[in-house]
Amino acid sequence: MEERLQKILSRCGLCSRRTAEEWIGQGRVTVNGRRALLGQSADLDRDAVEVDGKPVEPPDHLYLMLNKPRGYVTTARDEKGRRTVLDLLEGVPGRVYPVGRLDMDSEGLLLLTNDGALTQRLTHPSHHVGKEYLLRLKTPAEDPAAGLCRPMVLDGRPLAPVRARLVGQEGEESLVLLTIYEGRNRQIRRMCQLQGYQLRRLRRVAVGRLRLDKLPPGQWRYLTPSEVAYLRSLGPAKSGTMGVRE
């Protein structure tokens, strides 16, 4: 399948798309022995693409789980110079990218891969994979699980139903497991604000059937073959019994 050259070089883990455009402009990239042009497409199954005379090979796919600590941004490069999740991936034998996002003050399970097709599948709006979070909240005198399941509107659109369950109480703080099925910008924090809850800590503990379990903060591991197979098996969201307080 033909793709733009900058996408090919990025997908193969050689550089970002922006850097790939610079390389093409500098004449470092050739296709079938001829200098490549900006905007040109190629097919690695048919065309010989080279950078500085070295063949570009399709990458082996990598699938990782990271326990993201607070204080890191979920991006490959940050123009403000902040620490990124890629700074935690010492020893990974190739370039990978985050699947979705966790904001800088959030922590927990983050998937990373160089499999572009799987990334698109998992982040496409038609594939609502449930994501479970552990929330530490200070709330008024009410059950926060019930409050988080109330109908809410963000940016003029109703939120999809969620699941919530109260799992503990520590003094004035409640511990709630919340599962959401969409990925609106800062959705959980904004939900808590709408209900008047003070969100003290937000940690993602599961994506579908994949669980963080005992992976230490700041550490990563490879996904198992069965975990990768599970992610590849995920299909479009189906209507079901969402929106219940457990």
# chains A, B, ... in the order shown; residues from 1 in each chain; ligands from 1

call {"tool": "residues_around", "arguments": {"residues": "segment 157-166 of chain A", "least_positions_apart": "4", "cutoff": "9 Å", "atoms": "only C-alpha atoms", "output": "ChimeraX atom specification"}}
result
/A:132,143-146,148-153,174-182,184,242-246

call {"tool": "select_by_dssp", "arguments": {"residues": "segment 53-142 of chain A", "states": "strand (DSSP E or B)", "output": "PyMOL selection string"}}
result
chain A and resi 54-55+63-68+73+84+97-98+107-113+131-138

call {"tool": "residues_around", "arguments": {"residues": "segment 119-121 of chain A", "least_positions_apart": "3", "cutoff": "6 Å", "atoms": "only C-alpha atoms", "output": "PDB file with N, CA, C and O atoms, in the first residue's frame"}}
result
ATOM      1  N   VAL A  99      -0.431   5.285  22.724  1.00  0.00           N
ATOM      2  CA  VAL A  99      -1.780   5.054  22.217  1.00  0.00           C
ATOM      3  C   VAL A  99      -2.719   5.855  23.113  1.00  0.00           C
ATOM      4  O   VAL A  99      -2.974   5.491  24.254  1.00  0.00           O
ATOM      5  N   GLY A 116       0.916   1.178  13.633  1.00  0.00           N
ATOM      6  CA  GLY A 116       0.004   2.264  13.324  1.00  0.00           C
ATOM      7  C   GLY A 116      -1.423   1.813  13.125  1.00  0.00           C
ATOM      8  O   GLY A 116      -2.371   2.507  13.523  1.00  0.00           O
ATOM      9  N   HIS A 124      -9.870   5.078  17.355  1.00  0.00           N
ATOM     10  CA  HIS A 124     -10.966   5.522  16.492  1.00  0.00           C
ATOM     11  C   HIS A 124     -12.246   5.639  17.308  1.00  0.00           C
ATOM     12  O   HIS A 124     -12.520   4.811  18.188  1.00  0.00           O
TER      13      HIS A 124
END

call {"tool": "select_by_dssp", "arguments": {"residues": "segment 16-240 of chain A", "states": "alpha helix (DSSP H)", "output": "ChimeraX atom specification"}}
result
/A:17-25,116-123,144-148,187-195,225-233

call {"tool": "closest_residue", "arguments": {"among": "A:Gly147, A:Pro225, A:Pro69, A:Gly208", "to": "Met191 of chain A", "atoms": "only C-alpha atoms"}}
result
A:Gly147

call {"tool": "closest_atom_pairs", "arguments": {"of": "segment 156-208 of chain A", "to": "segment 49-67 of chain A", "cutoff": "12 Å", "atoms": "only C-alpha atoms", "output": "CSV"}}
result
residue,atom,partner,partner_atom,distance
A:Arg203,CA,A:Asn67,CA,9.5
A:Arg204,CA,A:Asn67,CA,8.9
A:Val205,CA,A:Asn67,CA,9.0
A:Ala206,CA,A:Met65,CA,10.6
A:Val207,CA,A:Met65,CA,10.4

call {"tool": "write_last_selection", "arguments": {"atoms": "C-alpha atoms", "output": "PDB file, in the first residue's frame"}}
result
ATOM      1  CA  ARG A 203      -4.695   6.609  38.053  1.00  0.00           C
ATOM      2  CA  ARG A 204      -5.624   4.447  35.056  1.00  0.00           C
ATOM      3  CA  VAL A 205      -5.588   0.811  36.112  1.00  0.00           C
ATOM      4  CA  ALA A 206      -7.003  -1.018  33.077  1.00  0.00           C
ATOM      5  CA  VAL A 207      -7.660  -0.752  29.351  1.00  0.00           C
TER       6      VAL A 207
END

call {"tool": "residues_around", "arguments": {"residues": "Tyr230 of chain A", "least_positions_apart": "3", "cutoff": "12 Å", "atoms": "only C-alpha atoms", "output": "MDAnalysis selection string"}}
result
chainID A and resid 118 122 129 207:210 223:227 233:235

call {"tool": "closest_residue", "arguments": {"among": "A:Asn114, A:Ser41, A:Asn32, A:Gln6", "to": "Ala20 of chain A", "atoms": "only C-alpha atoms"}}
result
A:Gln6

call {"tool": "decode", "arguments": {"residues": "segment 180-193 of chain A", "atoms": "all heavy atoms", "output": "short mmCIF file (atom, residue, chain, number, x, y, z; two decimals), in the first residue's frame"}}
result
data_model
loop_
_atom_site.label_atom_id
_atom_site.label_comp_id
_atom_site.auth_asym_id
_atom_site.auth_seq_id
_atom_site.Cartn_x
_atom_site.Cartn_y
_atom_site.Cartn_z
N ILE A 180 -14.81 4.61 31.79
CA ILE A 180 -15.38 5.47 30.76
C ILE A 180 -15.17 4.81 29.40
O ILE A 180 -14.30 3.95 29.22
CB ILE A 180 -14.76 6.88 30.78
CG1 ILE A 180 -13.27 6.82 30.42
CG2 ILE A 180 -14.98 7.54 32.14
CD1 ILE A 180 -12.65 8.21 30.26
N TYR A 181 -15.97 5.24 28.43
CA TYR A 181 -15.97 4.60 27.11
C TYR A 181 -15.71 5.60 25.99
O TYR A 181 -15.86 5.26 24.83
CB TYR A 181 -17.29 3.87 26.88
CG TYR A 181 -17.51 2.77 27.89
CD1 TYR A 181 -18.10 3.03 29.12
CD2 TYR A 181 -17.09 1.46 27.63
CE1 TYR A 181 -18.28 2.02 30.06
CE2 TYR A 181 -17.27 0.45 28.56
CZ TYR A 181 -17.86 0.74 29.78
OH TYR A 181 -18.04 -0.25 30.72
N GLU A 182 -15.34 6.83 26.35
CA GLU A 182 -14.89 7.79 25.36
C GLU A 182 -13.65 8.47 25.88
O GLU A 182 -13.22 8.17 26.98
CB GLU A 182 -15.94 8.87 25.02
CG GLU A 182 -17.18 8.87 25.73
CD GLU A 182 -18.12 10.03 25.43
OE1 GLU A 182 -18.24 10.48 24.28
OE2 GLU A 182 -18.78 10.47 26.36
N GLY A 183 -13.09 9.36 25.08
CA GLY A 183 -11.86 10.01 25.50
C GLY A 183 -11.89 11.49 25.28
O GLY A 183 -11.04 12.05 24.60
N ARG A 184 -12.89 12.17 25.86
CA ARG A 184 -12.95 13.63 25.75
C ARG A 184 -11.76 14.26 26.48
O ARG A 184 -11.20 13.67 27.41
CB ARG A 184 -14.25 14.16 26.37
CG ARG A 184 -15.52 13.54 25.85
CD ARG A 184 -16.07 14.22 24.62
NE ARG A 184 -17.44 13.74 24.40
CZ ARG A 184 -18.52 14.40 24.79
NH1 ARG A 184 -18.41 15.57 25.39
NH2 ARG A 184 -19.73 13.90 24.56
N ASN A 185 -11.39 15.47 26.06
CA ASN A 185 -10.26 16.16 26.66
C ASN A 185 -10.49 16.38 28.16
O ASN A 185 -11.47 17.00 28.56
CB ASN A 185 -10.06 17.51 25.96
CG ASN A 185 -8.86 18.27 26.49
OD1 ASN A 185 -7.81 17.69 26.75
ND2 ASN A 185 -9.02 19.57 26.68
N ARG A 186 -9.58 15.84 28.99
CA ARG A 186 -9.63 15.96 30.45
C ARG A 186 -11.02 15.60 30.99
O ARG A 186 -11.54 16.24 31.91
CB ARG A 186 -9.21 17.38 30.87
CG ARG A 186 -7.78 17.72 30.50
CD ARG A 186 -7.42 19.14 30.88
NE ARG A 186 -7.39 19.34 32.32
CZ ARG A 186 -6.35 19.06 33.11
NH1 ARG A 186 -5.25 18.53 32.60
NH2 ARG A 186 -6.41 19.28 34.40
N GLN A 187 -11.59 14.55 30.42
CA GLN A 187 -12.97 14.21 30.70
C GLN A 187 -13.25 13.98 32.18
O GLN A 187 -14.20 14.54 32.75
CB GLN A 187 -13.38 12.97 29.90
CG GLN A 187 -14.80 12.49 30.20
CD GLN A 187 -15.20 11.30 29.36
OE1 GLN A 187 -14.70 11.11 28.27
NE2 GLN A 187 -16.12 10.49 29.88
N ILE A 188 -12.44 13.14 32.83
CA ILE A 188 -12.74 12.78 34.22
C ILE A 188 -12.59 13.99 35.13
O ILE A 188 -13.41 14.23 36.03
CB ILE A 188 -11.84 11.63 34.67
CG1 ILE A 188 -12.16 10.37 33.85
CG2 ILE A 188 -12.01 11.35 36.15
CD1 ILE A 188 -11.24 9.20 34.13
N ARG A 189 -11.57 14.79 34.92
CA ARG A 189 -11.38 15.98 35.75
C ARG A 189 -12.56 16.93 35.60
O ARG A 189 -13.03 17.53 36.58
CB ARG A 189 -10.07 16.67 35.38
CG ARG A 189 -8.85 15.81 35.68
CD ARG A 189 -7.54 16.53 35.42
NE ARG A 189 -6.42 15.63 35.65
CZ ARG A 189 -5.90 15.37 36.83
NH1 ARG A 189 -6.39 15.95 37.91
NH2 ARG A 189 -4.88 14.53 36.95
N ARG A 190 -13.06 17.07 34.40
CA ARG A 190 -14.19 17.97 34.16
C ARG A 190 -15.48 17.39 34.73
O ARG A 190 -16.34 18.13 35.22
CB ARG A 190 -14.30 18.25 32.67
CG ARG A 190 -13.09 19.01 32.12
CD ARG A 190 -13.05 19.00 30.62
NE ARG A 190 -14.08 19.85 30.04
CZ ARG A 190 -14.39 19.85 28.75
NH1 ARG A 190 -13.76 19.02 27.92
NH2 ARG A 190 -15.33 20.65 28.30
N MET A 191 -15.63 16.06 34.67
CA MET A 191 -16.79 15.43 35.30
C MET A 191 -16.81 15.72 36.80
O MET A 191 -17.86 16.04 37.37
CB MET A 191 -16.76 13.92 35.05
CG MET A 191 -17.06 13.50 33.63
SD MET A 191 -16.79 11.71 33.38
CE MET A 191 -18.02 11.01 34.50
N CYS A 192 -15.65 15.59 37.43
CA CYS A 192 -15.58 15.85 38.87
C CYS A 192 -15.90 17.30 39.18
O CYS A 192 -16.59 17.61 40.17
CB CYS A 192 -14.20 15.47 39.39
SG CYS A 192 -13.86 13.68 39.35
N GLN A 193 -15.41 18.21 38.35
CA GLN A 193 -15.70 19.63 38.57
C GLN A 193 -17.20 19.90 38.48
O GLN A 193 -17.75 20.67 39.29
CB GLN A 193 -14.95 20.48 37.55
CG GLN A 193 -13.44 20.53 37.77
CD GLN A 193 -12.71 21.26 36.66
OE1 GLN A 193 -13.30 21.67 35.66
NE2 GLN A 193 -11.40 21.40 36.82
#
